[in-house]
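*Asks:* Can you read through this structure? Questions will come right after.
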Amino acid sequence: MKKLIALLLAILMVFSLAGCGSKEPTPSGGEEEPAETKVAVFWYAFSDAYLSTVRSALDADLEKAGITYQDFDSNNNQGTQLEQVQTAVTNGFNILVVNLVTSGSADAAQQILAAAGDIPVIFFNRAVEGDGEEGTVLKGNGNIAFIGTDAPEAGHMQGKMIGEFLVNNYEATDLNGDGQISYAMFMGDAANVEAIYRTQYGVEDANAVLTAAGKPELVYFNAANTDKYQLDPNGAWSNAAANDFMNTNLAEYSEANGNMIELVIANNDDMALGAIASLQSAGYNLGDGTSTKIPVFGVDATQPAQDAIAADTMTGTVKQDAEGMANAICTTVAAVAGGTSVVDACKQVVDSNSIFSLAEGFDNKVFVAYAPFTK
């Protein structure tokens with residue numbers, strides 16, 4: 001009988017030890033349940049047309065993955081975003097996904113990280129470091145990542161697309177027959193690295209294609225504007241800003257005056273569509289096969305832009321893969337929630353799809369590839 005009792009006690013001890021190994025005891029002697037994953041997603045502005053597409057895709061992906069999340073609209077205010085992050089941390093959110101308001105600001109990014117403490121932070125879409133500051137935020141911190149695009153790529157792609165179109169349609173585009181193409185450029189945000197490169201390379205690369213074909217370089221429509229772009233005053237890349245500018249432009253620059261704007265280049269599709277609405281009010285780009293079409297190029301390949309290209313009212317755009325970006329973010333979040341380090345999660349994302357790559361010299365900076373989009 002004594003032997004039987006001893007054997008039962010030994011078995012009970014084995015099971016007791018196994019139970020302690022599976023869950024950590026709390027100070028009160030209870031068992032600690034694993035923390036629920038709560039993801040806070042901070043958007044610089046819900047009003048941004050492209051990011052609205054990303055948000056819809058990301059919401060759907062997170063819901064499909066069974067991940068609890070909440071979206072926050074920072075309404076284009078960095079101070080508001082910082083306060084939202086602080087509140088989210090206090091309320092127990094344990095993964096932060098941040099679309100930084102002040103693009104390219106290492107200081108703003110560091111403030112977010114200070115508020116986050118040890119919580120993993122996944123920045124996306126809007127750069128967290130400016131030119132010459134690459135790595136100042138991302139390198140040396142294995143608890144953060146950036147998922148976005150290689151900023152110059154869209155500008156290069158847009159410029160090449162424009163140049164090739166003009167080489168093949170030069171006479172039709174040169175409405176006044178003066179042997180050169182007069183263009184307007186709409187810039188979204190003077191401090192945004194994507195806007196800077198799109199404004200620069202959208203023209204430079206088009207000129208490179210033109211001159212290689214023996215054609216003259218593009219000429220900005222307003223010689224008095226030495227910046228050679230019109231800037232959204234609110235940095236919002238908005239349809240309304242481009243529409244207002246184009247309405248004003250067309251009051252002075254027209255076919256009747258012999259100085260019509262013959263090409264429109266925009267940093268994003270929403271501005272391109274704003275310019276098209278103005279052109280349509282003036283009788284251009286009606287898609288009816290008879291009205292004169294002014295070539296208009298954007299970036300993002302939003303659904304309204306794709307529809308405009310299909311309707312022959314817009315010429316081309318560069319696809320910034322909203323679904324791909326959402327997928328990369330969700331995949332990273334799910335891996336981190338499962339206990340994978342942020343850096344290893346980035347590697348898993350890159351291995352999952354050929355449209356993703358790591359930025360040279362980084363193990364926590366994921367690029368989503370651009371692609372040209374035309375009819």
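Identifiers in this document derive from the order of the structure tokens: chains are assigned A, B, ..., residues are numbered from 1 separately in each chain, and ligands are numbered from 1 in order of occurrence.
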Quick one: everything within 8 Å of range 127-143 of chain A, counting only C-alpha atoms, minus sequence neighbours fewer than 2 positions away in the same chain. Send it as a PDB file with C-alpha atoms, in the first residue's frame.

*Replies:*
```pdb
ATOM      1  CA  LEU A 100       3.864  58.959 -40.114  1.00  0.00           C
ATOM      2  CA  SER A 103       7.065  62.294 -43.901  1.00  0.00           C
ATOM      3  CA  GLY A 104      10.842  61.992 -43.817  1.00  0.00           C
ATOM      4  CA  SER A 105      11.117  63.338 -40.262  1.00  0.00           C
ATOM      5  CA  ALA A 106      13.503  61.315 -38.099  1.00  0.00           C
ATOM      6  CA  ALA A 108       8.828  62.686 -35.520  1.00  0.00           C
ATOM      7  CA  ALA A 109       9.623  58.983 -35.864  1.00  0.00           C
ATOM      8  CA  GLN A 110      11.802  59.017 -32.743  1.00  0.00           C
ATOM      9  CA  ASP A 118       9.265  48.255 -25.976  1.00  0.00           C
ATOM     10  CA  ILE A 119       6.198  47.811 -28.173  1.00  0.00           C
ATOM     11  CA  PRO A 120       6.965  46.737 -31.784  1.00  0.00           C
ATOM     12  CA  VAL A 121       6.409  49.545 -34.292  1.00  0.00           C
ATOM     13  CA  PHE A 123       6.072  52.235 -39.979  1.00  0.00           C
ATOM     14  CA  PHE A 124       4.638  52.215 -43.480  1.00  0.00           C
ATOM     15  CA  ASN A 125       4.200  54.207 -46.697  1.00  0.00           C
ATOM     16  CA  ALA A 145      10.374  48.068 -39.391  1.00  0.00           C
ATOM     17  CA  PHE A 146       9.398  50.120 -42.415  1.00  0.00           C
ATOM     18  CA  GLY A 148       6.891  51.159 -48.220  1.00  0.00           C
ATOM     19  CA  ASN A 192       7.730  64.345 -48.864  1.00  0.00           C
ATOM     20  CA  VAL A 193      10.553  62.326 -50.403  1.00  0.00           C
ATOM     21  CA  SER A 341      11.057  39.030 -34.155  1.00  0.00           C
ATOM     22  CA  VAL A 342      10.326  42.068 -36.309  1.00  0.00           C
ATOM     23  CA  VAL A 343      13.477  41.499 -38.379  1.00  0.00           C
ATOM     24  CA  PHE A 362      18.708  46.954 -44.220  1.00  0.00           C
ATOM     25  CA  ASN A 364      13.978  45.746 -41.497  1.00  0.00           C
ATOM     26  CA  LYS A 365      13.052  47.920 -44.499  1.00  0.00           C
TER      27      LYS A 365
END
```

*Asks:* Tell me, counting only C-alpha atoms, for each residue of range 24-113 of chain A within 10 Å of range 265-277 of chain A, which pair of atoms is nearest and how far apart they are in Å to one decimal, in rows ordered by chain and increasing number, as CSV.

*Replies:*
```
residue,atom,partner,partner_atom,distance
A:Asp48,CA,A:Asp270,CA,8.6
A:Ala49,CA,A:Asp270,CA,6.6
A:Tyr50,CA,A:Asp270,CA,8.1
```

*Asks:* What's around range 349-352 of chain A at 10 Å? Count only C-alpha atoms, leave out sequence neighbours fewer than 6 positions away in its own chain, and write the answer as number ranges by chain.

*Replies:* A: 327-332, 335, 358, 366-368

*Asks:* So the first atom is CA of Pro295 in chain A and the second is CA of Thr248 in chain A; what is the distance between them in Å, to one decimal place?

*Replies:*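 Between these atoms lies a distance of 18.5 Å.
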
*Asks:* Can you list, as an NGL selection string, all residues belonging to range 84-154 of chain A that DSSP tags as helix (DSSP H, G or I)?

*Replies:* :A and (84-90 or 106-116 or 151-154)

*Asks:* Mind dumping the selected residues with C-alpha atoms as an mmCIF file, in the first residue's frame?

*Replies:*
```cif
data_model
loop_
_atom_site.group_PDB
_atom_site.id
_atom_site.type_symbol
_atom_site.label_atom_id
_atom_site.label_comp_id
_atom_site.auth_asym_id
_atom_site.auth_seq_id
_atom_site.Cartn_x
_atom_site.Cartn_y
_atom_site.Cartn_z
ATOM 1 C CA GLN A 84 -3.035 58.971 -30.271
ATOM 2 C CA VAL A 85 0.012 56.711 -29.925
ATOM 3 C CA GLN A 86 0.426 57.613 -26.251
ATOM 4 C CA THR A 87 -3.239 56.874 -25.584
ATOM 5 C CA ALA A 88 -3.090 53.576 -27.482
ATOM 6 C CA VAL A 89 -0.086 52.435 -25.430
ATOM 7 C CA THR A 90 -1.916 53.334 -22.227
ATOM 8 C CA ALA A 106 13.503 61.315 -38.099
ATOM 9 C CA ASP A 107 12.528 63.501 -35.130
ATOM 10 C CA ALA A 108 8.828 62.686 -35.520
ATOM 11 C CA ALA A 109 9.623 58.983 -35.864
ATOM 12 C CA GLN A 110 11.802 59.017 -32.743
ATOM 13 C CA GLN A 111 9.008 60.676 -30.758
ATOM 14 C CA ILE A 112 6.678 57.847 -31.790
ATOM 15 C CA LEU A 113 9.282 55.268 -30.760
ATOM 16 C CA ALA A 114 9.828 56.950 -27.393
ATOM 17 C CA ALA A 115 6.094 56.812 -26.732
ATOM 18 C CA ALA A 116 5.966 53.155 -27.828
ATOM 19 C CA ALA A 151 10.938 56.522 -53.482
ATOM 20 C CA PRO A 152 12.808 57.291 -56.743
ATOM 21 C CA GLU A 153 11.310 54.287 -58.545
ATOM 22 C CA ALA A 154 7.895 55.865 -59.210
#
```

*Asks:* Which residues, written as a list in words, have at least one atom at most 12 Å from Asn77 in chain A, with only C-alpha atoms counted and residues fewer than 4 positions away on the same chain left out?

*Replies:* Phe42, Trp43, Tyr44, Ala45, Phe46, Phe72, Asp73, Gln81, Leu82, Glu83, Gln84, Asn99, Leu100, Val101, Thr102, Ser103, Ala108, Asn234, Gly235 and Ala236 of chain A

*Asks:* Mind dumping the selected residues with C-alpha atoms as a PDB file, in the first residue's frame?

*Replies:*
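Just written: out.pdb:
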```pdb
ATOM      1  CA  PHE A  42      -2.379  55.225 -37.334  1.00  0.00           C
ATOM      2  CA  TRP A  43      -3.154  56.879 -40.692  1.00  0.00           C
ATOM      3  CA  TYR A  44      -1.779  60.295 -41.506  1.00  0.00           C
ATOM      4  CA  ALA A  45      -5.171  61.198 -43.020  1.00  0.00           C
ATOM      5  CA  PHE A  46      -8.250  59.134 -43.832  1.00  0.00           C
ATOM      6  CA  PHE A  72      -6.879  56.108 -35.993  1.00  0.00           C
ATOM      7  CA  ASP A  73      -7.153  59.191 -38.232  1.00  0.00           C
ATOM      8  CA  GLN A  81      -0.755  61.337 -34.020  1.00  0.00           C
ATOM      9  CA  LEU A  82       1.700  61.388 -31.113  1.00  0.00           C
ATOM     10  CA  GLU A  83      -1.155  61.852 -28.639  1.00  0.00           C
ATOM     11  CA  GLN A  84      -3.035  58.971 -30.271  1.00  0.00           C
ATOM     12  CA  ASN A  99       1.763  55.993 -41.256  1.00  0.00           C
ATOM     13  CA  LEU A 100       3.864  58.959 -40.114  1.00  0.00           C
ATOM     14  CA  VAL A 101       2.275  62.376 -40.659  1.00  0.00           C
ATOM     15  CA  THR A 102       5.497  64.328 -41.140  1.00  0.00           C
ATOM     16  CA  SER A 103       7.065  62.294 -43.901  1.00  0.00           C
ATOM     17  CA  ALA A 108       8.828  62.686 -35.520  1.00  0.00           C
ATOM     18  CA  ASN A 234      -1.900  71.855 -47.492  1.00  0.00           C
ATOM     19  CA  GLY A 235       0.473  69.066 -48.486  1.00  0.00           C
ATOM     20  CA  ALA A 236      -2.554  66.848 -48.989  1.00  0.00           C
TER      21      ALA A 236
END
```

*Asks:* Range 204-319 of chain A: which residues are strand (DSSP E or B) by DSSP, as a ChimeraX atom specification?

*Replies:* /A:219-220,230-231,263-266,296-297,300,316-319

*Asks:* For the selection you just gave me, I'd like the residues written to a file as a tab-separated table (two decimals), in the first residue's frame, keeping C-alpha atoms.

*Replies:*
```tsv
chain	number	residue	atom	x	y	z
A	219	VAL	CA	9.09	73.26	-71.33
A	220	TYR	CA	7.24	74.37	-68.20
A	230	GLN	CA	2.41	73.97	-58.42
A	231	LEU	CA	2.27	72.76	-54.82
A	263	LEU	CA	0.85	67.73	-70.89
A	264	VAL	CA	-0.07	67.27	-67.22
A	265	ILE	CA	2.18	65.44	-64.77
A	266	ALA	CA	0.88	64.82	-61.24
A	296	VAL	CA	-2.36	63.31	-68.05
A	297	PHE	CA	-0.14	61.06	-65.94
A	300	ASP	CA	-0.92	55.07	-57.60
A	316	GLY	CA	-1.17	56.55	-67.66
A	317	THR	CA	-0.18	56.03	-64.06
A	318	VAL	CA	2.27	54.04	-61.95
A	319	LYS	CA	0.78	51.32	-59.79
```

*Asks:* Residues within 6 Å of range 61-71 of chain A, please, as a VMD selection string. Count only C-alpha atoms; anything in the same chain fewer than 6 positions from it doesn't count.

*Replies:* chain A and resid 38 to 41

*Asks:* How would the residues just chosen look if you wrote them out with C-alpha atoms as a PDB file, in the first residue's frame?

*Replies:*
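Saved file selection_8.pdb follows:
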```pdb
ATOM      1  CA  LYS A  38      -4.232  44.461 -30.084  1.00  0.00           C
ATOM      2  CA  VAL A  39      -3.020  46.399 -33.111  1.00  0.00           C
ATOM      3  CA  ALA A  40      -3.327  50.182 -33.405  1.00  0.00           C
ATOM      4  CA  VAL A  41      -3.070  51.504 -36.972  1.00  0.00           C
TER       5      VAL A  41
END
```

*Asks:* Quick one: everything within 12 Å of Ala223 in chain A, counting only C-alpha atoms, minus sequence neighbours fewer than 6 positions away in the same chain. Send it as an NGL selection string.

*Replies:* :A and (182-184 or 229 or 253 or 259)

*Asks:* Can I get the selected residues back with N, CA and C atoms, as a compact mmCIF listing (two decimals), in the first residue's frame?

*Replies:*
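The result, written out as part_34.txt:
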```txt
# COMPACT_ATOMS: atom_id res chain seq x y z
N SER A 182 4.62 71.79 -73.89
CA SER A 182 4.45 72.62 -72.70
C SER A 182 3.72 71.80 -71.63
N TYR A 183 4.30 71.74 -70.41
CA TYR A 183 3.72 70.86 -69.38
C TYR A 183 3.41 71.61 -68.08
N ALA A 184 2.46 71.05 -67.33
CA ALA A 184 2.18 71.49 -65.96
C ALA A 184 2.55 70.36 -65.02
N TYR A 229 6.68 73.80 -60.72
CA TYR A 229 5.60 72.95 -60.21
C TYR A 229 4.61 73.84 -59.47
N TYR A 253 -3.83 80.18 -70.13
CA TYR A 253 -3.09 79.34 -71.08
C TYR A 253 -4.10 78.46 -71.83
N ASN A 259 -0.93 79.11 -76.30
CA ASN A 259 0.02 78.67 -75.27
C ASN A 259 -0.58 77.59 -74.37
```

*Asks:* For each of A:Pro304, A:Asp189, A:Ala310, A:Val209, take the minimum atom-to-atom distance to Gly287 in chain A, counting only C-alpha atoms, then give the residue where this is smallest.

*Replies:*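 Comparing A:Pro304, A:Asp189, A:Ala310, A:Val209 against Gly287 in chain A, the winner is A:Ala310.
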
*Asks:* Which is closest to Gly159 in chain A among A:Ala240, A:Val299, A:Ala282, A:Ala334, if we use only C-alpha atoms?

*Replies:*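 Among A:Ala240, A:Val299, A:Ala282, A:Ala334, it is A:Val299 that comes nearest to Gly159 in chain A.
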
*Asks:* Name the closest residue to Lys347 in chain A among the candidates A:Ser74, A:Gln158, A:Phe245, A:Ile147; distances are taken between atoms, counting only C-alpha atoms.

*Replies:* A:Ile147

*Asks:* So, counting only C-alpha atoms, which residue among A:Ile261, A:Leu279, A:Val98, A:Ala190 is closest to Asn247 in chain A?

*Replies:*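 The shortest atom-to-atom distance to Asn247 in chain A comes from A:Leu279.
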
*Asks:* Hey, what's within 10 Å of Glu204 in chain A if we count only C-alpha atoms and toss same-chain stuff fewer than 6 positions away? As a PyMOL selection string, please?

*Replies:* chain A and resi 155-156+159-160+163+198+210+217-218

*Asks:* So how many Å separate CA of Phe373 in chain A and CA of Glu323 in chain A, to one decimal?

*Replies:*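 Distance between the two atoms: 15.4 Å.
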
*Asks:* Give the answer as one residue: which of A:Thr302, A:Met157, A:Glu171, A:Val336 has the shortest atom-to-atom distance to Glu262 in chain A, using only C-alpha atoms?

*Replies:* A:Glu171

*Asks:* Given only C-alpha atoms as the basis, pick out the residue of A:Asp150, A:Phe186, A:Val54, A:Ala172 nearest to Ser238 in chain A.

*Replies:*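 Result for the nearest residue to Ser238 in chain A: A:Phe186.
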